[in-house]
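J.: Can you read through this structure? Questions will come right after.
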Amino acid sequence: MRVVNYLAVAGLALLAGAAQAESVAGLYQVREPLEGQGSDARTQATGRALDTLVLRLTGDPKAPQNPALAALRKDPQQIINQVGSDAGPPESVLVEFDPGSTERALRKAGLALWGNNRPSILGWWLNDTVDGSSLVGDGQGAAQPLRQAAQHRGLPLRLPLADLQEQLVATAKQLEGKDPAALREASERYGADALLAVHAHEADGKWQGKWQLWLGDQREQGQAEGADQAALADAVMLAVSSRLAPRYVTRPGASSELQVQVQGMNLKRYAELSRVLEPYGPRLQLADGGTLTYQVTGNRDQLRAQLGLAKLHELQADAAAPAEPPAPAPQGVTPNEQPGAVQATAPKPFDGLRFGW
């Protein structure tokens with residue numbers, strides 16, 4: 001039978017292997033240090049937690065001060081599930097925001113939002129001190145501030161092992177250079193979507209760092225500073241977030257109905273595709289062998305970026321056969337009763353995006 005009932009086996013598909021891009025855990029949970037004691041300090045920390053969340057979801061440094069959020073800033077409790085404490089150090093409040101209420105409030109304010117499916121980043125971070133240079137590796141104590149900063153800014157960060165071979169590659173010259181070829185080769189075993197190279201050093205009582213980010217063929221760069229290594233890490237991650245977000249945010253009113261066809265499907269890929277398309281309200285129109293056709297609501301460029309994270313490649317119109325209409329139901333059987341078939345309305349002539357694995 002040409003039409004496959006993918007939905008009947010979706011539960012099995014969700015057990016498939018990990019995706020390349022990562023779904024950020026704890027995106028709506030924010031930890032903010034207490035600055036003082038008493039209820040006023042907790043109220044102020046809760047307000048900062050709201051600002052941090054808005055930055056995570058928009059990548060726009062101006063978004064927290066958006067006038068349309070004035071009522072929400074005055075009473076953030078309307079989108080908060082609970083507020084707890086973390087003994088630290090440092091002593092902090094732990095605010096858990098409600099995802100649905102938060103997204104509705106921010107979209108109502110006209111803000112463009114970035115979902116939790118984000119590019120995984122491999123961080124090559126070199127610290128220069130009076131004792132010499134040190135590459136931060138997974139499992140080292142120096143990795144903790146980087147992980148905390150990435151979590152604070154909503155970025156899925158990975159770190160290399162920092163073995164001897166990697167230390168020979170990740171030199172200051174390499175991390176500040178424009179050619180990432182050597183880093184790309186050393187990064188292959190980690191399977192990340194993006195490379196972040198940071199060369200940090202202490203000067204005049206502050207920590208300063210130059211950073212570069214490569215995502216595909218695109219390169220971003222900048223400089224940051226902080227009072228200590230943790231503050232520098234947070235400044236770098238905030239800058240990286242603000243550069244990445246515009247590629248993936250979905251702005252209210254900027255979306256339209258469009259079709260997406262994906263070839264080369266199997267159970268594992270169905271699970272990943274379902275997760276990637278979820279923010280776009282996918283409606284399955286046709287399942288024809290290994291090809292699925294969806295109706296979605298979104299922006300073409302942003303959808304291309306998200307599908308690219310899942311390692312799909314776009315097909316040219318002449319490289320894919322047009323979708324055929326669903327097979328007719330056997331005589332005497334209505335579409336709802338057709339065994340093993342996905343109930344779908346007849347699709348419009350295909351004029352959308354085509355992708356393959």
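Scheme for the structure tokens: letters A, B, ... for chains in order shown; per-chain residue numbers from 1; ligand numbers from 1 in order shown.
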If you run DSSP on the backbone here, which positions in range 131-167 of chain A get helix (DSSP H, G or I)? Please write them as a list in words.

T.: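 Across range 131-167 of chain A, those assigned helix (DSSP H, G or I) are Ala143, Gln144, Pro145, Leu146, Arg147, Gln148, Ala149, Ala150, Gln151, His152, Leu164, Gln165, Glu166 and Gln167 of chain A.
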
J.: Skip range 88-95 of chain A itself and residues of its chain fewer than 3 positions away, then list as a list in words all residues within 8 Å of it, counting only C-alpha atoms.

T.: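 Once the nearby chain positions are removed, what remains is Gln29, Val30, Arg31, Glu32, Pro33, Leu34, Arg42, Ala45, Thr46, Ala49, Ile80, Asn81, Gln82, Val83, Gly84 and Ser85 of chain A.
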
J.: Give me, as number ranges by chain, the residues of range 5-237 of chain A that a backbone DSSP run labels strand (DSSP E or B).

T.: A: 22-23, 29-33, 80-86, 92-97, 113, 117-118, 121-129, 132-135, 157-158, 194-203, 206-215, 218-226

J.: How many Å separate CA of Gln212 in chain A from CA of Glu188 in chain A?

T.: 17.8 Å

J.: Fewer than 3 positions away in the same chain doesn't count, so skip those; otherwise give me all residues within 12 Å of Ala143 in chain A, counting only C-alpha atoms, as a PyMOL selection string.

T.: chain A and resi 123-127+134-140+146-150+157-162+229-230+233

J.: Please dump the current selection as a PDB file, in the first residue's frame; keep C-alpha atoms.

T.:
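Below is the file that was written, part.pdb:
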```pdb
ATOM      1  CA  GLY A 123      33.202  25.458  22.500  1.00  0.00           C
ATOM      2  CA  TRP A 124      36.965  25.739  22.069  1.00  0.00           C
ATOM      3  CA  TRP A 125      37.875  28.028  24.976  1.00  0.00           C
ATOM      4  CA  LEU A 126      41.481  28.955  25.734  1.00  0.00           C
ATOM      5  CA  ASN A 127      42.355  30.820  28.942  1.00  0.00           C
ATOM      6  CA  SER A 134      44.926  26.238  29.230  1.00  0.00           C
ATOM      7  CA  LEU A 135      42.269  24.739  26.959  1.00  0.00           C
ATOM      8  CA  VAL A 136      39.027  24.177  28.863  1.00  0.00           C
ATOM      9  CA  GLY A 137      37.933  20.567  28.560  1.00  0.00           C
ATOM     10  CA  ASP A 138      34.868  18.580  29.457  1.00  0.00           C
ATOM     11  CA  GLY A 139      35.063  17.463  33.076  1.00  0.00           C
ATOM     12  CA  GLN A 140      37.465  20.191  34.214  1.00  0.00           C
ATOM     13  CA  LEU A 146      30.979  27.943  30.745  1.00  0.00           C
ATOM     14  CA  ARG A 147      28.185  25.421  31.204  1.00  0.00           C
ATOM     15  CA  GLN A 148      26.332  27.695  33.623  1.00  0.00           C
ATOM     16  CA  ALA A 149      26.634  30.633  31.235  1.00  0.00           C
ATOM     17  CA  ALA A 150      25.363  28.568  28.309  1.00  0.00           C
ATOM     18  CA  LEU A 157      27.045  23.852  24.722  1.00  0.00           C
ATOM     19  CA  ARG A 158      29.456  20.949  24.356  1.00  0.00           C
ATOM     20  CA  LEU A 159      33.133  20.993  25.285  1.00  0.00           C
ATOM     21  CA  PRO A 160      36.028  18.983  23.846  1.00  0.00           C
ATOM     22  CA  LEU A 161      38.043  16.500  25.884  1.00  0.00           C
ATOM     23  CA  ALA A 162      41.071  18.835  25.652  1.00  0.00           C
ATOM     24  CA  GLN A 229      35.783  34.291  34.092  1.00  0.00           C
ATOM     25  CA  ALA A 230      32.137  33.548  34.859  1.00  0.00           C
ATOM     26  CA  ALA A 233      31.513  33.478  29.808  1.00  0.00           C
TER      27      ALA A 233
END
```

J.: Expressed in Å to a single decimal, how great is the separation between CA of Pro180 in chain A and CA of Leu307 in chain A?

T.: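 Between CA of Pro180 in chain A and CA of Leu307 in chain A the gap is 23.7 Å.
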
J.: Taking into account only C-alpha atoms, which residue in the set A:Asp75, A:Ala25, A:Ala181, A:Ala227 is nearest to Gln44 in chain A?

T.: A:Asp75

J.: For a quick check of understanding, using only C-alpha atoms, which of A:Leu292, A:Ala235, A:Val169, A:Leu111 has the smallest distance to Arg184 in chain A?

T.: A:Val169

J.: Could you pull the residues within 8 Å of Trp357 in chain A, counting only C-alpha atoms, minus those fewer than 5 positions along the same chain, as a ChimeraX atom specification?

T.: /A:262-265,311-313

J.: Residues as selected, C-alpha atoms, written as a PDB file, in the first residue's frame, can you do that?

T.:
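And here is the file that came out, again_24.pdb:
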```
ATOM      1  CA  VAL A 262      10.435  15.431   2.898  1.00  0.00           C
ATOM      2  CA  GLN A 263      11.873  12.375   1.161  1.00  0.00           C
ATOM      3  CA  GLY A 264      13.775   9.412   2.573  1.00  0.00           C
ATOM      4  CA  MET A 265      11.616   8.942   5.684  1.00  0.00           C
ATOM      5  CA  LYS A 311      20.752  17.779   8.566  1.00  0.00           C
ATOM      6  CA  LEU A 312      18.200  17.771   5.751  1.00  0.00           C
ATOM      7  CA  HIS A 313      19.182  19.210   2.379  1.00  0.00           C
TER       8      HIS A 313
END
```

J.: Please, what distance in Å, to one decimal, runs between CA of Trp207 in chain A and CA of Ala41 in chain A?

T.: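 Answer for the CA of Trp207 in chain A to CA of Ala41 in chain A separation: 27.7 Å.
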
J.: Residues near Leu53 in chain A, anyone? I mean within 12 Å using only C-alpha atoms, not counting same-chain ones fewer than 4 positions away, as an NGL selection string.

T.: :A and (26-32 or 46-49 or 57-61 or 63-64 or 73 or 76 or 79-80 or 95-99 or 102-103 or 106 or 113-114 or 151-154 or 238)

J.: Which one is closest to Asp301 in chain A: A:Leu213, A:Ala200, A:Leu258, A:Val130? Count only C-alpha atoms.

T.: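 Of the candidates, the smallest distance to Asp301 in chain A is held by A:Leu258.
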